[in-house]
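File shown here: run14.txt, holding compact mmCIF, N, CA and C atoms.
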# COMPACT_ATOMS: atom_id res chain seq x y z
N MET X 1352 45.80 -15.90 -15.82
CA MET X 1352 45.96 -14.90 -16.87
C MET X 1352 45.90 -13.51 -16.22
N ASP X 1353 46.83 -12.64 -16.58
CA ASP X 1353 46.84 -11.31 -15.98
C ASP X 1353 45.76 -10.41 -16.59
N ALA X 1354 45.54 -9.29 -15.94
CA ALA X 1354 44.46 -8.38 -16.36
C ALA X 1354 44.66 -7.85 -17.77
N LEU X 1355 45.91 -7.55 -18.15
CA LEU X 1355 46.16 -7.03 -19.49
C LEU X 1355 45.86 -8.08 -20.55
N ALA X 1356 46.23 -9.33 -20.29
CA ALA X 1356 45.94 -10.41 -21.24
C ALA X 1356 44.43 -10.60 -21.38
N GLN X 1357 43.71 -10.53 -20.27
CA GLN X 1357 42.25 -10.65 -20.32
C GLN X 1357 41.64 -9.50 -21.12
N LEU X 1358 42.11 -8.30 -20.87
CA LEU X 1358 41.62 -7.13 -21.61
C LEU X 1358 41.92 -7.26 -23.10
N SER X 1359 43.12 -7.72 -23.43
CA SER X 1359 43.50 -7.90 -24.84
C SER X 1359 42.58 -8.90 -25.53
N LYS X 1360 42.29 -10.01 -24.85
CA LYS X 1360 41.40 -11.02 -25.45
C LYS X 1360 39.99 -10.46 -25.64
N ALA X 1361 39.50 -9.71 -24.64
CA ALA X 1361 38.16 -9.13 -24.74
C ALA X 1361 38.11 -8.11 -25.88
N LEU X 1362 39.13 -7.29 -26.00
CA LEU X 1362 39.19 -6.30 -27.06
C LEU X 1362 39.24 -6.98 -28.43
N ARG X 1363 40.02 -8.03 -28.52
CA ARG X 1363 40.11 -8.77 -29.78
C ARG X 1363 38.75 -9.35 -30.17
N ARG X 1364 38.02 -9.89 -29.19
CA ARG X 1364 36.67 -10.43 -29.47
C ARG X 1364 35.73 -9.34 -29.96
N GLN X 1365 35.79 -8.15 -29.33
CA GLN X 1365 34.93 -7.04 -29.74
C GLN X 1365 35.24 -6.59 -31.16
N ILE X 1366 36.50 -6.47 -31.47
CA ILE X 1366 36.90 -6.03 -32.81
C ILE X 1366 36.45 -7.05 -33.85
N THR X 1367 36.69 -8.32 -33.55
CA THR X 1367 36.30 -9.39 -34.47
C THR X 1367 34.78 -9.44 -34.64
N ALA X 1368 34.04 -9.27 -33.54
CA ALA X 1368 32.58 -9.29 -33.60
C ALA X 1368 32.04 -8.14 -34.45
N ALA X 1369 32.78 -7.03 -34.49
CA ALA X 1369 32.36 -5.87 -35.28
C ALA X 1369 32.82 -5.97 -36.73
N GLY X 1370 33.42 -7.11 -37.09
CA GLY X 1370 33.84 -7.32 -38.47
C GLY X 1370 35.28 -6.94 -38.76
N GLY X 1371 36.01 -6.54 -37.73
CA GLY X 1371 37.40 -6.15 -37.94
C GLY X 1371 38.36 -7.30 -37.70
N LYS X 1372 39.62 -7.01 -37.82
CA LYS X 1372 40.68 -7.98 -37.56
C LYS X 1372 41.56 -7.43 -36.45
N ALA X 1373 42.01 -8.31 -35.57
CA ALA X 1373 42.84 -7.86 -34.45
C ALA X 1373 43.96 -8.86 -34.21
N GLU X 1374 45.12 -8.32 -33.98
CA GLU X 1374 46.28 -9.13 -33.59
C GLU X 1374 46.94 -8.42 -32.42
N MET X 1375 47.10 -9.11 -31.32
CA MET X 1375 47.72 -8.52 -30.14
C MET X 1375 49.16 -8.97 -30.06
N ILE X 1376 50.06 -8.03 -29.96
CA ILE X 1376 51.48 -8.33 -29.80
C ILE X 1376 51.90 -7.76 -28.45
N PRO X 1377 52.02 -8.62 -27.44
CA PRO X 1377 52.39 -8.11 -26.12
C PRO X 1377 53.81 -7.55 -26.14
N CYS X 1378 54.02 -6.51 -25.34
CA CYS X 1378 55.33 -5.86 -25.35
C CYS X 1378 55.52 -5.08 -24.06
N ASP X 1379 56.65 -5.29 -23.41
CA ASP X 1379 57.06 -4.48 -22.27
C ASP X 1379 57.96 -3.37 -22.83
N VAL X 1380 57.44 -2.15 -22.92
CA VAL X 1380 58.19 -1.08 -23.57
C VAL X 1380 59.43 -0.66 -22.79
N THR X 1381 59.58 -1.13 -21.56
CA THR X 1381 60.78 -0.80 -20.80
C THR X 1381 61.92 -1.78 -21.07
N SER X 1382 61.68 -2.77 -21.91
CA SER X 1382 62.69 -3.78 -22.25
C SER X 1382 63.00 -3.72 -23.74
N LEU X 1383 64.25 -3.39 -24.08
CA LEU X 1383 64.63 -3.31 -25.49
C LEU X 1383 64.40 -4.65 -26.18
N GLU X 1384 64.71 -5.75 -25.51
CA GLU X 1384 64.51 -7.07 -26.11
C GLU X 1384 63.04 -7.31 -26.43
N SER X 1385 62.15 -6.93 -25.52
CA SER X 1385 60.72 -7.11 -25.74
C SER X 1385 60.23 -6.25 -26.90
N VAL X 1386 60.71 -5.00 -26.97
CA VAL X 1386 60.31 -4.11 -28.07
C VAL X 1386 60.84 -4.63 -29.39
N GLU X 1387 62.09 -5.10 -29.41
CA GLU X 1387 62.63 -5.65 -30.65
C GLU X 1387 61.88 -6.91 -31.09
N ALA X 1388 61.49 -7.76 -30.13
CA ALA X 1388 60.69 -8.95 -30.46
C ALA X 1388 59.32 -8.55 -31.01
N ALA X 1389 58.71 -7.52 -30.41
CA ALA X 1389 57.42 -7.04 -30.90
C ALA X 1389 57.57 -6.42 -32.29
N ALA X 1390 58.67 -5.71 -32.51
CA ALA X 1390 58.91 -5.12 -33.84
C ALA X 1390 59.09 -6.21 -34.88
N LYS X 1391 59.78 -7.29 -34.51
CA LYS X 1391 59.94 -8.41 -35.44
C LYS X 1391 58.58 -9.04 -35.75
N ALA X 1392 57.76 -9.24 -34.71
CA ALA X 1392 56.41 -9.78 -34.93
C ALA X 1392 55.59 -8.83 -35.80
N HIS X 1393 55.78 -7.53 -35.60
CA HIS X 1393 55.09 -6.52 -36.39
C HIS X 1393 55.50 -6.61 -37.87
N ARG X 1394 56.81 -6.76 -38.11
CA ARG X 1394 57.29 -6.88 -39.49
C ARG X 1394 56.69 -8.10 -40.18
N VAL X 1395 56.62 -9.23 -39.45
CA VAL X 1395 56.00 -10.44 -40.01
C VAL X 1395 54.53 -10.17 -40.30
N PHE X 1396 53.86 -9.50 -39.37
CA PHE X 1396 52.44 -9.16 -39.55
C PHE X 1396 52.26 -8.33 -40.82
N VAL X 1397 53.09 -7.30 -40.98
CA VAL X 1397 52.97 -6.41 -42.14
C VAL X 1397 53.21 -7.18 -43.44
N ARG X 1398 54.22 -8.05 -43.44
CA ARG X 1398 54.49 -8.84 -44.65
C ARG X 1398 53.34 -9.78 -45.00
N THR X 1399 52.69 -10.34 -43.98
CA THR X 1399 51.65 -11.35 -44.25
C THR X 1399 50.25 -10.77 -44.31
N ARG X 1400 50.00 -9.65 -43.61
CA ARG X 1400 48.62 -9.13 -43.52
C ARG X 1400 48.46 -7.67 -43.89
N GLY X 1401 49.53 -6.96 -44.08
CA GLY X 1401 49.42 -5.52 -44.36
C GLY X 1401 49.62 -4.70 -43.10
N ARG X 1402 49.56 -3.40 -43.28
CA ARG X 1402 49.81 -2.48 -42.16
C ARG X 1402 48.67 -2.49 -41.15
N PRO X 1403 49.02 -2.43 -39.85
CA PRO X 1403 47.97 -2.36 -38.83
C PRO X 1403 47.40 -0.96 -38.73
N GLY X 1404 46.22 -0.86 -38.12
CA GLY X 1404 45.56 0.42 -37.98
C GLY X 1404 45.90 1.17 -36.70
N LYS X 1405 46.04 0.46 -35.59
CA LYS X 1405 46.21 1.14 -34.29
C LYS X 1405 47.25 0.43 -33.45
N GLN X 1406 47.88 1.20 -32.56
CA GLN X 1406 48.77 0.65 -31.55
C GLN X 1406 48.44 1.35 -30.25
N CYS X 1407 48.51 0.60 -29.15
CA CYS X 1407 48.17 1.16 -27.83
C CYS X 1407 49.27 0.83 -26.83
N ARG X 1408 49.36 1.64 -25.79
CA ARG X 1408 50.24 1.31 -24.68
C ARG X 1408 49.69 1.93 -23.40
N ASP X 1409 50.20 1.45 -22.28
CA ASP X 1409 49.71 1.82 -20.96
C ASP X 1409 50.58 2.94 -20.37
N TRP X 1410 50.13 3.58 -19.28
CA TRP X 1410 50.89 4.64 -18.63
C TRP X 1410 50.70 4.58 -17.12
N ARG X 1411 51.58 5.30 -16.39
CA ARG X 1411 51.51 5.39 -14.93
C ARG X 1411 51.68 6.84 -14.51
N PHE X 1412 51.19 7.17 -13.31
CA PHE X 1412 51.14 8.55 -12.85
C PHE X 1412 52.21 8.93 -11.83
N GLY X 1413 52.36 8.19 -10.76
CA GLY X 1413 53.35 8.51 -9.74
C GLY X 1413 52.73 8.97 -8.45
N GLY X 1414 53.22 10.04 -7.88
CA GLY X 1414 52.75 10.60 -6.62
C GLY X 1414 53.64 11.79 -6.28
N PRO X 1415 53.55 12.29 -5.05
CA PRO X 1415 54.41 13.41 -4.67
C PRO X 1415 55.89 13.04 -4.89
N LEU X 1416 56.62 13.89 -5.56
CA LEU X 1416 57.99 13.58 -5.95
C LEU X 1416 58.87 13.25 -4.74
N HIS X 1417 58.71 13.98 -3.67
CA HIS X 1417 59.58 13.74 -2.50
C HIS X 1417 59.27 12.42 -1.80
N GLN X 1418 58.15 11.78 -2.15
CA GLN X 1418 57.79 10.49 -1.58
C GLN X 1418 57.90 9.35 -2.60
N LEU X 1419 58.20 9.68 -3.82
CA LEU X 1419 58.24 8.69 -4.89
C LEU X 1419 59.50 7.84 -4.79
N PRO X 1420 59.35 6.54 -4.64
CA PRO X 1420 60.54 5.68 -4.60
C PRO X 1420 61.28 5.73 -5.94
N PRO X 1421 62.61 5.66 -5.91
CA PRO X 1421 63.38 5.72 -7.15
C PRO X 1421 62.96 4.68 -8.18
N ASP X 1422 62.54 3.49 -7.76
CA ASP X 1422 62.14 2.48 -8.74
C ASP X 1422 60.86 2.88 -9.46
N GLU X 1423 59.95 3.62 -8.78
CA GLU X 1423 58.75 4.12 -9.47
C GLU X 1423 59.11 5.23 -10.45
N TRP X 1424 60.04 6.12 -10.05
CA TRP X 1424 60.54 7.15 -10.97
C TRP X 1424 61.08 6.48 -12.23
N ASP X 1425 61.93 5.48 -12.03
CA ASP X 1425 62.52 4.76 -13.17
C ASP X 1425 61.44 4.12 -14.03
N GLN X 1426 60.43 3.51 -13.41
CA GLN X 1426 59.38 2.85 -14.18
C GLN X 1426 58.60 3.85 -15.03
N ILE X 1427 58.27 5.00 -14.47
CA ILE X 1427 57.53 6.02 -15.22
C ILE X 1427 58.35 6.55 -16.38
N LEU X 1428 59.60 6.92 -16.11
CA LEU X 1428 60.46 7.45 -17.17
C LEU X 1428 60.80 6.37 -18.20
N ASN X 1429 61.03 5.15 -17.74
CA ASN X 1429 61.33 4.07 -18.67
C ASN X 1429 60.14 3.76 -19.57
N THR X 1430 58.95 3.83 -19.03
CA THR X 1430 57.75 3.56 -19.84
C THR X 1430 57.49 4.70 -20.82
N ASN X 1431 57.48 5.93 -20.33
CA ASN X 1431 57.05 7.06 -21.14
C ASN X 1431 58.12 7.68 -22.02
N LEU X 1432 59.38 7.42 -21.74
CA LEU X 1432 60.45 7.95 -22.59
C LEU X 1432 61.29 6.84 -23.21
N ARG X 1433 61.90 6.03 -22.38
CA ARG X 1433 62.75 4.97 -22.91
C ARG X 1433 61.93 4.02 -23.78
N GLY X 1434 60.70 3.71 -23.39
CA GLY X 1434 59.85 2.84 -24.19
C GLY X 1434 59.57 3.41 -25.57
N VAL X 1435 59.34 4.71 -25.64
CA VAL X 1435 59.11 5.36 -26.93
C VAL X 1435 60.39 5.31 -27.77
N TYR X 1436 61.53 5.59 -27.13
CA TYR X 1436 62.81 5.49 -27.83
C TYR X 1436 63.00 4.08 -28.39
N TYR X 1437 62.75 3.06 -27.56
CA TYR X 1437 62.90 1.68 -28.03
C TYR X 1437 61.99 1.40 -29.22
N ALA X 1438 60.75 1.85 -29.14
CA ALA X 1438 59.80 1.60 -30.23
C ALA X 1438 60.25 2.29 -31.52
N ILE X 1439 60.68 3.54 -31.40
CA ILE X 1439 61.15 4.26 -32.59
C ILE X 1439 62.41 3.59 -33.15
N ARG X 1440 63.31 3.21 -32.27
CA ARG X 1440 64.55 2.55 -32.68
C ARG X 1440 64.25 1.25 -33.42
N ALA X 1441 63.26 0.51 -32.95
CA ALA X 1441 62.93 -0.79 -33.54
C ALA X 1441 62.10 -0.67 -34.82
N LEU X 1442 61.22 0.34 -34.91
CA LEU X 1442 60.27 0.42 -36.02
C LEU X 1442 60.62 1.44 -37.09
N ALA X 1443 61.40 2.48 -36.75
CA ALA X 1443 61.73 3.50 -37.75
C ALA X 1443 62.48 2.93 -38.96
N PRO X 1444 63.39 1.98 -38.80
CA PRO X 1444 64.07 1.46 -40.00
C PRO X 1444 63.10 0.88 -41.04
N MET X 1445 62.03 0.24 -40.58
CA MET X 1445 61.03 -0.29 -41.50
C MET X 1445 60.32 0.86 -42.23
N MET X 1446 60.02 1.92 -41.51
CA MET X 1446 59.36 3.07 -42.13
C MET X 1446 60.30 3.77 -43.11
N ILE X 1447 61.57 3.86 -42.74
CA ILE X 1447 62.56 4.49 -43.63
C ILE X 1447 62.66 3.71 -44.93
N ARG X 1448 62.73 2.39 -44.82
CA ARG X 1448 62.79 1.56 -46.04
C ARG X 1448 61.54 1.77 -46.91
N ALA X 1449 60.37 1.92 -46.27
CA ALA X 1449 59.12 2.13 -47.01
C ALA X 1449 58.96 3.57 -47.47
N ARG X 1450 59.83 4.47 -46.95
CA ARG X 1450 59.73 5.91 -47.22
C ARG X 1450 58.34 6.45 -46.89
N SER X 1451 57.79 5.92 -45.81
CA SER X 1451 56.44 6.31 -45.41
C SER X 1451 56.20 5.89 -43.97
N GLY X 1452 55.42 6.68 -43.26
CA GLY X 1452 55.04 6.28 -41.91
C GLY X 1452 54.64 7.45 -41.05
N HIS X 1453 54.02 7.12 -39.95
CA HIS X 1453 53.61 8.12 -38.96
C HIS X 1453 53.93 7.57 -37.58
N ILE X 1454 54.59 8.36 -36.78
CA ILE X 1454 54.86 8.02 -35.39
C ILE X 1454 53.95 8.90 -34.56
N ILE X 1455 53.04 8.28 -33.84
CA ILE X 1455 52.09 9.04 -33.02
C ILE X 1455 52.36 8.70 -31.56
N ASN X 1456 52.86 9.65 -30.83
CA ASN X 1456 53.12 9.49 -29.40
C ASN X 1456 52.01 10.20 -28.64
N ILE X 1457 51.48 9.53 -27.65
CA ILE X 1457 50.39 10.11 -26.86
C ILE X 1457 50.98 10.80 -25.65
N SER X 1458 50.88 12.10 -25.63
CA SER X 1458 51.38 12.89 -24.51
C SER X 1458 50.21 13.21 -23.58
N SER X 1459 50.23 14.37 -23.00
CA SER X 1459 49.25 14.75 -22.00
C SER X 1459 49.34 16.25 -21.78
N ILE X 1460 48.31 16.80 -21.22
CA ILE X 1460 48.35 18.20 -20.82
C ILE X 1460 49.47 18.37 -19.78
N ALA X 1461 49.82 17.28 -19.10
CA ALA X 1461 50.92 17.31 -18.13
C ALA X 1461 52.26 17.56 -18.82
N GLY X 1462 52.30 17.43 -20.14
CA GLY X 1462 53.52 17.73 -20.88
C GLY X 1462 53.66 19.21 -21.19
N LYS X 1463 52.70 20.01 -20.78
CA LYS X 1463 52.77 21.45 -20.98
C LYS X 1463 52.48 22.23 -19.70
N ASN X 1464 51.81 21.60 -18.74
CA ASN X 1464 51.42 22.25 -17.49
C ASN X 1464 51.91 21.45 -16.30
N ALA X 1465 52.08 22.13 -15.18
CA ALA X 1465 52.47 21.45 -13.95
C ALA X 1465 51.38 20.48 -13.52
N LEU X 1466 51.77 19.39 -12.90
CA LEU X 1466 50.84 18.37 -12.45
C LEU X 1466 51.16 18.02 -11.00
N PRO X 1467 50.43 18.60 -10.04
CA PRO X 1467 50.69 18.26 -8.64
C PRO X 1467 50.56 16.76 -8.41
N ASN X 1468 51.49 16.19 -7.65
CA ASN X 1468 51.53 14.75 -7.35
C ASN X 1468 51.78 13.91 -8.59
N GLY X 1469 52.31 14.52 -9.61
CA GLY X 1469 52.61 13.79 -10.84
C GLY X 1469 53.86 14.34 -11.51
N ALA X 1470 54.84 14.79 -10.71
CA ALA X 1470 56.04 15.41 -11.29
C ALA X 1470 56.79 14.46 -12.21
N ALA X 1471 56.91 13.19 -11.83
CA ALA X 1471 57.64 12.24 -12.67
C ALA X 1471 56.89 12.03 -13.99
N TYR X 1472 55.58 11.87 -13.91
CA TYR X 1472 54.77 11.71 -15.11
C TYR X 1472 54.87 12.95 -15.99
N SER X 1473 54.75 14.12 -15.37
CA SER X 1473 54.82 15.37 -16.10
C SER X 1473 56.20 15.53 -16.77
N ALA X 1474 57.25 15.22 -16.04
CA ALA X 1474 58.60 15.31 -16.61
C ALA X 1474 58.73 14.38 -17.81
N SER X 1475 58.15 13.19 -17.70
CA SER X 1475 58.24 12.24 -18.81
C SER X 1475 57.49 12.75 -20.02
N LYS X 1476 56.37 13.42 -19.82
CA LYS X 1476 55.57 13.92 -20.94
C LYS X 1476 56.20 15.16 -21.56
N TRP X 1477 56.83 16.03 -20.75
CA TRP X 1477 57.59 17.14 -21.32
C TRP X 1477 58.70 16.58 -22.19
N GLY X 1478 59.39 15.56 -21.69
CA GLY X 1478 60.45 14.92 -22.46
C GLY X 1478 59.92 14.27 -23.73
N LEU X 1479 58.75 13.65 -23.63
CA LEU X 1479 58.15 13.01 -24.79
C LEU X 1479 57.83 14.04 -25.87
N ASN X 1480 57.35 15.19 -25.48
CA ASN X 1480 57.06 16.24 -26.47
C ASN X 1480 58.34 16.65 -27.20
N GLY X 1481 59.42 16.87 -26.47
CA GLY X 1481 60.69 17.23 -27.10
C GLY X 1481 61.20 16.12 -28.00
N LEU X 1482 61.10 14.87 -27.55
CA LEU X 1482 61.52 13.75 -28.36
C LEU X 1482 60.71 13.68 -29.64
N SER X 1483 59.40 13.84 -29.53
CA SER X 1483 58.51 13.76 -30.71
C SER X 1483 58.84 14.84 -31.73
N TYR X 1484 59.03 16.07 -31.26
CA TYR X 1484 59.35 17.16 -32.19
C TYR X 1484 60.70 16.91 -32.86
N SER X 1485 61.69 16.46 -32.08
CA SER X 1485 63.03 16.24 -32.62
C SER X 1485 63.06 15.09 -33.61
N VAL X 1486 62.43 13.96 -33.27
CA VAL X 1486 62.44 12.82 -34.19
C VAL X 1486 61.65 13.16 -35.45
N GLY X 1487 60.65 14.00 -35.33
CA GLY X 1487 59.92 14.45 -36.51
C GLY X 1487 60.83 15.18 -37.48
N GLU X 1488 61.71 16.01 -36.95
CA GLU X 1488 62.68 16.73 -37.80
C GLU X 1488 63.68 15.76 -38.41
N GLU X 1489 64.13 14.78 -37.61
CA GLU X 1489 65.11 13.81 -38.10
C GLU X 1489 64.55 12.95 -39.23
N LEU X 1490 63.30 12.55 -39.12
CA LEU X 1490 62.73 11.58 -40.06
C LEU X 1490 61.94 12.22 -41.20
N ARG X 1491 61.76 13.52 -41.15
CA ARG X 1491 61.02 14.23 -42.18
C ARG X 1491 61.57 13.95 -43.57
N VAL X 1492 62.89 13.85 -43.69
CA VAL X 1492 63.52 13.62 -44.99
C VAL X 1492 63.17 12.25 -45.58
N HIS X 1493 62.62 11.37 -44.74
CA HIS X 1493 62.21 10.04 -45.19
C HIS X 1493 60.70 9.94 -45.37
N ASN X 1494 60.03 11.09 -45.37
CA ASN X 1494 58.58 11.14 -45.52
C ASN X 1494 57.85 10.46 -44.35
N ILE X 1495 58.42 10.62 -43.15
CA ILE X 1495 57.83 10.05 -41.94
C ILE X 1495 57.46 11.20 -41.03
N GLY X 1496 56.23 11.21 -40.59
CA GLY X 1496 55.75 12.25 -39.68
C GLY X 1496 55.79 11.79 -38.24
N SER X 1497 55.86 12.74 -37.34
CA SER X 1497 55.85 12.44 -35.91
C SER X 1497 54.97 13.46 -35.21
N ALA X 1498 54.11 12.97 -34.35
CA ALA X 1498 53.23 13.86 -33.59
C ALA X 1498 53.15 13.39 -32.16

Let me see whether you can do it: turn the structure in this file into C-alpha cells.
Amino acid sequence: MDALAQLSKALRRQITAAGGKAEMIPCDVTSLESVEAAAKAHRVFVRTRGRPGKQCRDWRFGGPLHQLPPDEWDQILNTNLRGVYYAIRALAPMMIRARSGHIINISSIAGKNALPNGAAYSASKWGLNGLSYSVGEELRVHNIGSA
C-alpha cells in the first residue's frame, strides 16, 4: 500500500473515531480520466449521502528552474493548473444544475511573490490565481463562487 493510501485510511479512522463520516475518492488530478471517474463517484456520493464537507489535494515545489527537468515542470503545472481545470470541468456542471456551489482553490504566497528555487511552483500558483478569478466571473451567474 502506498503512503497516500495509508494516510487516507488513517485520516478516515480519525474522522470516524471523532464521530464524523469520511469517504476517500482517490484521484490523479493530472489525468482527465481519473478526475472524471472521481467526479462520477462524487455525484453518486452526493445522491446517496449528501454534499461532502472537504476536499484535499497534494502539491509539489520544484527546484532551480535552470536545473528543473522538463518532466518535473510538466508535473507541477499539470498538478496545480491542469488538475484544477480538470476538476472544475468535471464538477462545475453539477454545481450549475444545482445553481449553487463554491470552488475553493488553494494557492500560496508564491502566487503573489517570487519564490527562489520554486519558479515552476510559483508560476503555477500565479496561473491558479488568474484561473480562480476568471472562473469566478464565469460562474457567478449560476450562483457559484470561486476563491

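Listed by chain and then by rising number, the residues of chain X that DSSP assigns to strand (DSSP E or B) from the backbone are Gly1452, His1453, Ile1454, Ile1495, Gly1496 and Ser1497 of chain X.
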
Please identify all polymer residues within 8 Å of segment 1446-1460 of chain X, counting only N, CA and C atoms, omitting same-chain residues fewer than 5 positions from it, and present them as a list in words. Val1435, Ile1439, Ala1441, Ala1465, Leu1466, Ser1473, Ser1475, Lys1476, Trp1477, Leu1479, Asn1480, Ser1483, Leu1490, Val1492, His1493, Asn1494, Ile1495, Gly1496, Ser1497 and Ala1498 of chain X

Between atom CA of Arg1364 of chain X and atom CA of Phe1396 of chain X, measure the distance and give it in Å to one decimal. 18.8 Å

Pull the alpha helix (DSSP H) assignments for segment 1454-1486 of chain X out of DSSP run on the backbone, and list those residues as number ranges by chain. X: 1470-1486

Show me as a PDB file with N, CA and C atoms, keeping the file's coordinate frame the residues that reach within 6.5 Å of (54.1, 9.2, -10.2), counting all atoms listed in the file and using the file's own coordinates.
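The file below, selection-v3.pdb, is the result:
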ATOM      1  N   ARG X1411      51.580   5.300 -16.390  1.00  0.00           N
ATOM      2  CA  ARG X1411      51.510   5.390 -14.930  1.00  0.00           C
ATOM      3  C   ARG X1411      51.680   6.840 -14.510  1.00  0.00           C
ATOM      4  N   PHE X1412      51.190   7.170 -13.310  1.00  0.00           N
ATOM      5  CA  PHE X1412      51.140   8.550 -12.850  1.00  0.00           C
ATOM      6  C   PHE X1412      52.210   8.930 -11.830  1.00  0.00           C
ATOM      7  N   GLY X1413      52.360   8.190 -10.760  1.00  0.00           N
ATOM      8  CA  GLY X1413      53.350   8.510  -9.740  1.00  0.00           C
ATOM      9  C   GLY X1413      52.730   8.970  -8.450  1.00  0.00           C
ATOM     10  N   GLY X1414      53.220  10.040  -7.880  1.00  0.00           N
ATOM     11  CA  GLY X1414      52.750  10.600  -6.620  1.00  0.00           C
ATOM     12  C   GLY X1414      53.640  11.790  -6.280  1.00  0.00           C
ATOM     13  N   PRO X1415      53.550  12.290  -5.050  1.00  0.00           N
ATOM     14  CA  PRO X1415      54.410  13.410  -4.670  1.00  0.00           C
ATOM     15  C   PRO X1415      55.890  13.040  -4.890  1.00  0.00           C
ATOM     16  N   GLU X1423      59.950   3.620  -8.780  1.00  0.00           N
ATOM     17  CA  GLU X1423      58.750   4.120  -9.470  1.00  0.00           C
ATOM     18  C   GLU X1423      59.110   5.230 -10.450  1.00  0.00           C
ATOM     19  N   ASN X1468      51.490  16.190  -7.650  1.00  0.00           N
ATOM     20  CA  ASN X1468      51.530  14.750  -7.350  1.00  0.00           C
ATOM     21  C   ASN X1468      51.780  13.910  -8.590  1.00  0.00           C
ATOM     22  N   GLY X1469      52.310  14.520  -9.610  1.00  0.00           N
ATOM     23  CA  GLY X1469      52.610  13.790 -10.840  1.00  0.00           C
ATOM     24  C   GLY X1469      53.860  14.340 -11.510  1.00  0.00           C
ATOM     25  N   ALA X1470      54.840  14.790 -10.710  1.00  0.00           N
ATOM     26  CA  ALA X1470      56.040  15.410 -11.290  1.00  0.00           C
ATOM     27  C   ALA X1470      56.790  14.460 -12.210  1.00  0.00           C
ATOM     28  N   ALA X1471      56.910  13.190 -11.830  1.00  0.00           N
ATOM     29  CA  ALA X1471      57.640  12.240 -12.670  1.00  0.00           C
ATOM     30  C   ALA X1471      56.890  12.030 -13.990  1.00  0.00           C
ATOM     31  N   TYR X1472      55.580  11.870 -13.910  1.00  0.00           N
ATOM     32  CA  TYR X1472      54.770  11.710 -15.110  1.00  0.00           C
ATOM     33  C   TYR X1472      54.870  12.950 -15.990  1.00  0.00           C
TER      34      TYR X1472
END

Quick one, how far is atom C of Arg1398 of chain X from atom CA of Met1445 of chain X?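 Atom CA of Met1445 of chain X lies 12.7 Å from atom C of Arg1398 of chain X.
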
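Interatomic distance, atom C of Gln1426 of chain X against atom CA of Ala1474 of chain X: 11.6 Å.
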
I'd like the box whose edges run along x, y and z of the file and which contains every listed atom of segment 1353-1363 of chain X, padded by 6 Å per side; could you state its centre and edge lengths in Å, one decimal, as JSON?
{"center_x": 42.5, "center_y": -9.5, "center_z": -23.1, "size_x": 20.7, "size_y": 18.3, "size_z": 26.2}

Among listed residues X:Gly1478, X:Ala1390, X:Lys1463, X:Pro1444, nearest Leu1428 of chain X (using only C-alpha atoms): X:Gly1478

Considering only C-alpha atoms, state which residue in the set X:Asp1422, X:Val1397, X:Leu1432, X:Ala1356 is at the smallest distance from Pro1377 of chain X.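 Of X:Asp1422, X:Val1397, X:Leu1432, X:Ala1356, the one nearest Pro1377 of chain X, counting only C-alpha atoms, is X:Ala1356.
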